[in-house]
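J.: Here's a structure for you.
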Amino acid sequence: MATNSWNLWQKQLRSPLGNLVEAGEILHSRGGMIRYRYLQRYALVLITRGEGFYEDDHQRSRHLTAGDWILVLPQLGHCYRPWETGGWDEVYIMFEGPVFDAWRDAGLLTANHVTGRVADPGKWAATLRQVMNDGNTTALEKLCAFQQLLAQALEGAILTPGEDEVVVSWFADACRMLSQPGAEAKQVASAVGVNYETFRRRFQKQAGLSPHQYHVRQIVNSAARMLDTTDLKSAEIARTLGFCDEAYFSRTFKQFTGRSPRAYRQHRG
């Protein structure tokens, strides 16, 4: 398996409007983030290869694929990682300062829109790299150029007037219920008041996964966190998360992570 590679493009650019703390690229990310992390600044992470998941302490959870971005807000507990070690590449930039606080005050950097997509992730990442590596521009010019890129990323995530925010509500409720052991898609559809076939179709559109696939991935995610943060044996974890036996748990876990629970715990972090 390819090893983690970190390419730092720029660090500590300061201006009166704000700071670009660090920007770079991580190839074949090892993942291993333990729930939850709390940062003091903003960050934008763009997945350029692979897939994984995001979740936060506002009960938001989403499957991520290449082209998806993650917005990290100060003091919002969050966790994201590829499904398997070395399973994705990412471009990231950390930033802070009054200009970005103004964006947040205006409702542009909000906990309601912490994930989204860019239409052309390759072009977006290449432009960010070019901006950060340009030796002929000042810190303020780089900051202004990044704001344009930030606007491009956010444009597809901000609700436009007339969109029904009830859609967001039922989806968040469905995600919370499907993240629980023993959850069944038909029961969740009934709980959110949507016909099952309509629910399945709409959920697939929002999450990129069927309700069942989402449920299994979330349970595997919970198992990974338990392996990361507790000393519980696999049999105990399997029983806690509703698997019929340890063998089925181990097969399912390996299917989604590429490793057995035992191997995962040995290589954690």
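Chains: A, B, ... in order of the structure tokens. Residues: from 1 per chain. Ligands: from 1, in order shown.
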Looking only at the backbone, which of the residues in stretch 10-138 of chain A does DSSP tag as strand (DSSP E or B), as number ranges by chain?
T.: A: 10-14, 19-27, 37, 42-56, 61-65, 68-72, 78-82, 88-96, 115-117
J.: Between atom CA of A:Asp56 and atom CA of A:Gly77, measure the distance and give it in Å to one decimal.
T.: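 Going from atom CA of A:Asp56 over to atom CA of A:Gly77 covers 5.5 Å.
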J.: Identify which of the residues A:Asp68, A:Glu184, A:Glu155, A:Glu246 lies closest to A:Pro261, counting only C-alpha atoms when measuring atom-to-atom distances.
T.: A:Glu246
J.: I'd like a table as CSV: residues in stretch 112-139 of chain A with an atom no more than 9 Å from stretch 91-99 of chain A, each row giving the shortest atom pair and its distance in Å to one decimal, only C-alpha atoms counted, sorted by chain and rising residue number.
T.:
```
residue,atom,partner,partner_atom,distance
A:Ala125,CA,A:Val91,CA,6.7
A:Leu128,CA,A:Val91,CA,8.8
A:Arg129,CA,A:Val91,CA,8.9
```
J.: Keeping C-alpha atoms, export the residues of the selection given above as a PDB file, in the first residue's frame.
T.:
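Output file result-v3.pdb is given in full below:
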```pdb
ATOM      1  CA  ALA A 125      -7.139  22.193  -6.488  1.00  0.00           C
ATOM      2  CA  LEU A 128      -5.292  26.802  -5.140  1.00  0.00           C
ATOM      3  CA  ARG A 129      -1.844  25.280  -5.617  1.00  0.00           C
TER       4      ARG A 129
END
```
J.: Residues at most 10 Å from A:Lys254, counting only C-alpha atoms, excluding those fewer than 4 positions away in the same chain, as a ChimeraX atom specification?
T.: /A:84,220,248-250,258-264
J.: Please produce a file of those selected residues containing C-alpha atoms, as a JSON list (two decimals), in the first residue's frame.
T.:
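Saved file result07.json follows:
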```
[["chain", "number", "residue", "atom", "x", "y", "z"],
["A", 84, "GLU", "CA", -9.56, 2.45, 4.49],
["A", 220, "VAL", "CA", -18.75, 0.13, 10.78],
["A", 248, "TYR", "CA", -20.26, -11.64, 10.58],
["A", 249, "PHE", "CA", -19.04, -8.46, 12.25],
["A", 250, "SER", "CA", -15.46, -9.21, 11.23],
["A", 258, "GLY", "CA", -9.89, -3.50, 4.11],
["A", 259, "ARG", "CA", -8.79, -4.92, 7.48],
["A", 260, "SER", "CA", -10.15, -7.22, 10.12],
["A", 261, "PRO", "CA", -11.02, -5.57, 13.45],
["A", 262, "ARG", "CA", -7.88, -7.08, 14.98],
["A", 263, "ALA", "CA", -5.61, -5.79, 12.20],
["A", 264, "TYR", "CA", -7.29, -2.38, 12.32]]
```
J.: Show which residues sit within 10 Å of A:Trp124, as number ranges by chain. Count only C-alpha atoms, and ignore same-chain residues fewer than 6 positions away.
T.: A: 46, 48, 67, 91, 118, 130, 149-150, 152-153
J.: Go ahead and dump the residues you just picked, N, CA and C atoms, as an mmCIF file, in the first residue's frame.
T.:
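Generated file (part28.cif):
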```
data_model
loop_
_atom_site.group_PDB
_atom_site.id
_atom_site.type_symbol
_atom_site.label_atom_id
_atom_site.label_comp_id
_atom_site.auth_asym_id
_atom_site.auth_seq_id
_atom_site.Cartn_x
_atom_site.Cartn_y
_atom_site.Cartn_z
ATOM 1 N N LEU A 46 -10.657 19.474 0.531
ATOM 2 C CA LEU A 46 -11.248 18.951 -0.704
ATOM 3 C C LEU A 46 -10.713 17.551 -0.952
ATOM 4 N N THR A 48 -9.814 14.719 -3.323
ATOM 5 C CA THR A 48 -9.503 14.642 -4.749
ATOM 6 C C THR A 48 -9.421 13.209 -5.267
ATOM 7 N N GLY A 67 -14.255 15.144 -5.071
ATOM 8 C CA GLY A 67 -15.020 16.314 -5.459
ATOM 9 C C GLY A 67 -15.799 16.925 -4.311
ATOM 10 N N VAL A 91 -6.724 17.949 -0.552
ATOM 11 C CA VAL A 91 -6.111 19.271 -0.572
ATOM 12 C C VAL A 91 -6.758 20.050 0.563
ATOM 13 N N VAL A 118 -17.526 20.617 -5.481
ATOM 14 C CA VAL A 118 -17.101 21.540 -6.528
ATOM 15 C C VAL A 118 -17.264 20.828 -7.867
ATOM 16 N N GLN A 130 -1.596 26.862 -7.446
ATOM 17 C CA GLN A 130 -0.947 27.945 -8.174
ATOM 18 C C GLN A 130 -0.937 29.237 -7.352
ATOM 19 N N LEU A 149 -11.944 31.418 -4.440
ATOM 20 C CA LEU A 149 -12.054 29.962 -4.494
ATOM 21 C C LEU A 149 -13.032 29.451 -3.435
ATOM 22 N N LEU A 150 -13.012 30.069 -2.272
ATOM 23 C CA LEU A 150 -13.945 29.687 -1.211
ATOM 24 C C LEU A 150 -15.379 29.939 -1.656
ATOM 25 N N GLN A 152 -16.491 29.921 -4.705
ATOM 26 C CA GLN A 152 -16.835 28.914 -5.712
ATOM 27 C C GLN A 152 -17.256 27.611 -5.053
ATOM 28 N N ALA A 153 -16.547 27.221 -3.992
ATOM 29 C CA ALA A 153 -16.882 25.978 -3.295
ATOM 30 C C ALA A 153 -18.228 26.086 -2.588
#
```
J.: List as an MDAnalysis selection string the protein and nucleic acid residues near A:Arg62, meaning an atom at most 12 Å away when only C-alpha atoms are counted, but skip any in the same chain fewer than 4 places from it.
T.: chainID A and resid 51:56 68:70 78:81 113:116 171:172 174:176 178:179 203:209 211 213:215 217:218 221
J.: Write the selection just made, keeping C-alpha atoms, as an mmCIF file, in the first residue's frame?
T.:
```
data_model
loop_
_atom_site.group_PDB
_atom_site.id
_atom_site.type_symbol
_atom_site.label_atom_id
_atom_site.label_comp_id
_atom_site.auth_asym_id
_atom_site.auth_seq_id
_atom_site.Cartn_x
_atom_site.Cartn_y
_atom_site.Cartn_z
ATOM 1 C CA GLU A 51 -14.076 8.028 -0.457
ATOM 2 C CA GLY A 52 -14.833 8.151 3.235
ATOM 3 C CA PHE A 53 -17.138 9.888 5.706
ATOM 4 C CA TYR A 54 -17.699 13.066 7.697
ATOM 5 C CA GLU A 55 -19.651 13.581 10.911
ATOM 6 C CA ASP A 56 -19.889 16.218 13.625
ATOM 7 C CA ASP A 68 -16.623 16.714 -2.028
ATOM 8 C CA TRP A 69 -15.339 19.334 0.399
ATOM 9 C CA ILE A 70 -15.480 19.671 4.164
ATOM 10 C CA HIS A 78 -15.928 16.888 13.827
ATOM 11 C CA CYS A 79 -14.409 13.713 12.484
ATOM 12 C CA TYR A 80 -13.564 12.645 8.929
ATOM 13 C CA ARG A 81 -11.472 9.886 7.445
ATOM 14 C CA HIS A 113 -23.409 23.747 5.251
ATOM 15 C CA VAL A 114 -20.229 21.980 6.291
ATOM 16 C CA THR A 115 -19.995 19.728 3.227
ATOM 17 C CA GLY A 116 -20.544 20.256 -0.486
ATOM 18 C CA PHE A 171 -32.535 13.978 5.912
ATOM 19 C CA ALA A 172 -30.737 14.901 9.147
ATOM 20 C CA ALA A 174 -32.965 9.955 8.843
ATOM 21 C CA CYS A 175 -29.161 10.042 9.169
ATOM 22 C CA ARG A 176 -29.397 10.056 12.960
ATOM 23 C CA LEU A 178 -29.856 5.097 10.414
ATOM 24 C CA SER A 179 -26.693 5.543 12.481
ATOM 25 C CA PHE A 203 -31.987 9.511 0.486
ATOM 26 C CA GLN A 204 -29.847 8.021 -2.287
ATOM 27 C CA LYS A 205 -29.795 11.411 -4.002
ATOM 28 C CA GLN A 206 -28.769 13.256 -0.831
ATOM 29 C CA ALA A 207 -26.224 10.787 0.561
ATOM 30 C CA GLY A 208 -24.923 9.027 -2.533
ATOM 31 C CA LEU A 209 -25.760 5.717 -0.845
ATOM 32 C CA PRO A 211 -30.309 3.828 3.246
ATOM 33 C CA GLN A 213 -25.550 1.028 2.665
ATOM 34 C CA TYR A 214 -25.467 4.190 4.746
ATOM 35 C CA HIS A 215 -26.596 2.310 7.850
ATOM 36 C CA ARG A 217 -21.186 2.175 6.868
ATOM 37 C CA GLN A 218 -22.221 4.145 9.941
ATOM 38 C CA ASN A 221 -17.712 3.699 11.534
#
```
J.: To one decimal in Å, tell me the separation between atom CA of A:Leu27 and atom CA of A:Thr65.
T.: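 Computing it gives 14.7 Å between the two atoms.
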J.: Tell me, in Å to one decimal, how far atom CA of A:Val72 is from atom CA of A:Ser210.
T.: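 Between atom CA of A:Val72 and atom CA of A:Ser210 the gap is 26.1 Å.
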J.: With DSSP run on the backbone, what are the helix (DSSP H, G or I) residues within stretch 60-215 of chain A? I'd like them as number ranges by chain.
T.: A: 98-105, 121-133, 139-155, 165-178, 185-191, 196-207, 211-215
J.: Just to be explicit: take each residue in the selection above, keep C-alpha atoms, and write the result as a short mmCIF file (atom, residue, chain, number, x, y, z; two decimals), in the first residue's frame.
T.:
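Output below, filename part_39.cif:
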```
data_model
loop_
_atom_site.label_atom_id
_atom_site.label_comp_id
_atom_site.auth_asym_id
_atom_site.auth_seq_id
_atom_site.Cartn_x
_atom_site.Cartn_y
_atom_site.Cartn_z
CA PRO A 98 -11.74 39.12 10.74
CA VAL A 99 -12.62 38.79 7.05
CA PHE A 100 -13.66 35.15 7.55
CA ASP A 101 -15.53 35.97 10.76
CA ALA A 102 -17.47 38.49 8.64
CA TRP A 103 -18.30 35.69 6.19
CA ARG A 104 -19.60 33.67 9.13
CA ASP A 105 -21.64 36.60 10.51
CA PRO A 121 -12.12 19.42 -8.24
CA GLY A 122 -8.98 19.03 -10.33
CA LYS A 123 -9.17 22.60 -11.59
CA TRP A 124 -10.07 23.97 -8.16
CA ALA A 125 -7.14 22.19 -6.49
CA ALA A 126 -4.72 23.23 -9.24
CA THR A 127 -5.80 26.87 -8.91
CA LEU A 128 -5.29 26.80 -5.14
CA ARG A 129 -1.84 25.28 -5.62
CA GLN A 130 -0.95 27.95 -8.17
CA VAL A 131 -2.15 30.75 -5.89
CA MET A 132 -0.23 29.45 -2.90
CA ASN A 133 2.99 28.82 -4.82
CA ALA A 139 -0.12 37.69 1.36
CA LEU A 140 -3.12 40.00 0.90
CA GLU A 141 -3.39 39.11 -2.80
CA LYS A 142 -3.27 35.40 -1.95
CA LEU A 143 -5.96 35.87 0.68
CA CYS A 144 -8.23 37.65 -1.80
CA ALA A 145 -7.65 34.94 -4.41
CA PHE A 146 -8.51 32.27 -1.86
CA GLN A 147 -11.75 34.05 -0.98
CA GLN A 148 -12.80 33.70 -4.62
CA LEU A 149 -12.05 29.96 -4.49
CA LEU A 150 -13.94 29.69 -1.21
CA ALA A 151 -16.95 31.38 -2.81
CA GLN A 152 -16.83 28.91 -5.71
CA ALA A 153 -16.88 25.98 -3.29
CA LEU A 154 -19.68 27.38 -1.14
CA GLU A 155 -21.90 28.36 -4.05
CA GLU A 165 -35.46 23.40 4.26
CA VAL A 166 -37.80 20.64 5.45
CA VAL A 167 -35.79 18.42 3.09
CA VAL A 168 -32.69 19.15 5.14
CA SER A 169 -34.60 18.40 8.34
CA TRP A 170 -35.92 14.98 7.31
CA PHE A 171 -32.54 13.98 5.91
CA ALA A 172 -30.74 14.90 9.15
CA ASP A 173 -33.34 12.96 11.15
CA ALA A 174 -32.97 9.96 8.84
CA CYS A 175 -29.16 10.04 9.17
CA ARG A 176 -29.40 10.06 12.96
CA MET A 177 -31.80 7.10 13.00
CA LEU A 178 -29.86 5.10 10.41
CA ALA A 185 -34.85 1.72 6.38
CA LYS A 186 -38.62 1.11 6.21
CA GLN A 187 -39.06 2.06 9.86
CA VAL A 188 -36.98 5.20 9.35
CA ALA A 189 -39.05 6.16 6.30
CA SER A 190 -42.21 5.81 8.36
CA ALA A 191 -40.72 7.83 11.22
CA TYR A 196 -40.51 4.08 1.57
CA GLU A 197 -39.76 4.13 -2.18
CA THR A 198 -39.77 7.93 -2.20
CA PHE A 199 -37.59 7.93 0.92
CA ARG A 200 -35.10 5.47 -0.60
CA ARG A 201 -34.84 7.51 -3.80
CA ARG A 202 -34.47 10.87 -2.05
CA PHE A 203 -31.99 9.51 0.49
CA GLN A 204 -29.85 8.02 -2.29
CA LYS A 205 -29.80 11.41 -4.00
CA GLN A 206 -28.77 13.26 -0.83
CA ALA A 207 -26.22 10.79 0.56
CA PRO A 211 -30.31 3.83 3.25
CA HIS A 212 -29.05 0.29 3.94
CA GLN A 213 -25.55 1.03 2.67
CA TYR A 214 -25.47 4.19 4.75
CA HIS A 215 -26.60 2.31 7.85
#
```
J.: When distances are computed from only C-alpha atoms, which of A:Pro74, A:Gly107, A:Gly135, A:Gly24 shows the smallest separation from A:Asp89?
T.: A:Gly24
J.: Counting only C-alpha atoms, which of A:Thr110, A:Ser29, A:Thr257, A:Gln59 gets nearest to A:Tyr42?
T.: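 Once distances to A:Tyr42 are computed over only C-alpha atoms, the minimum belongs to A:Thr110.
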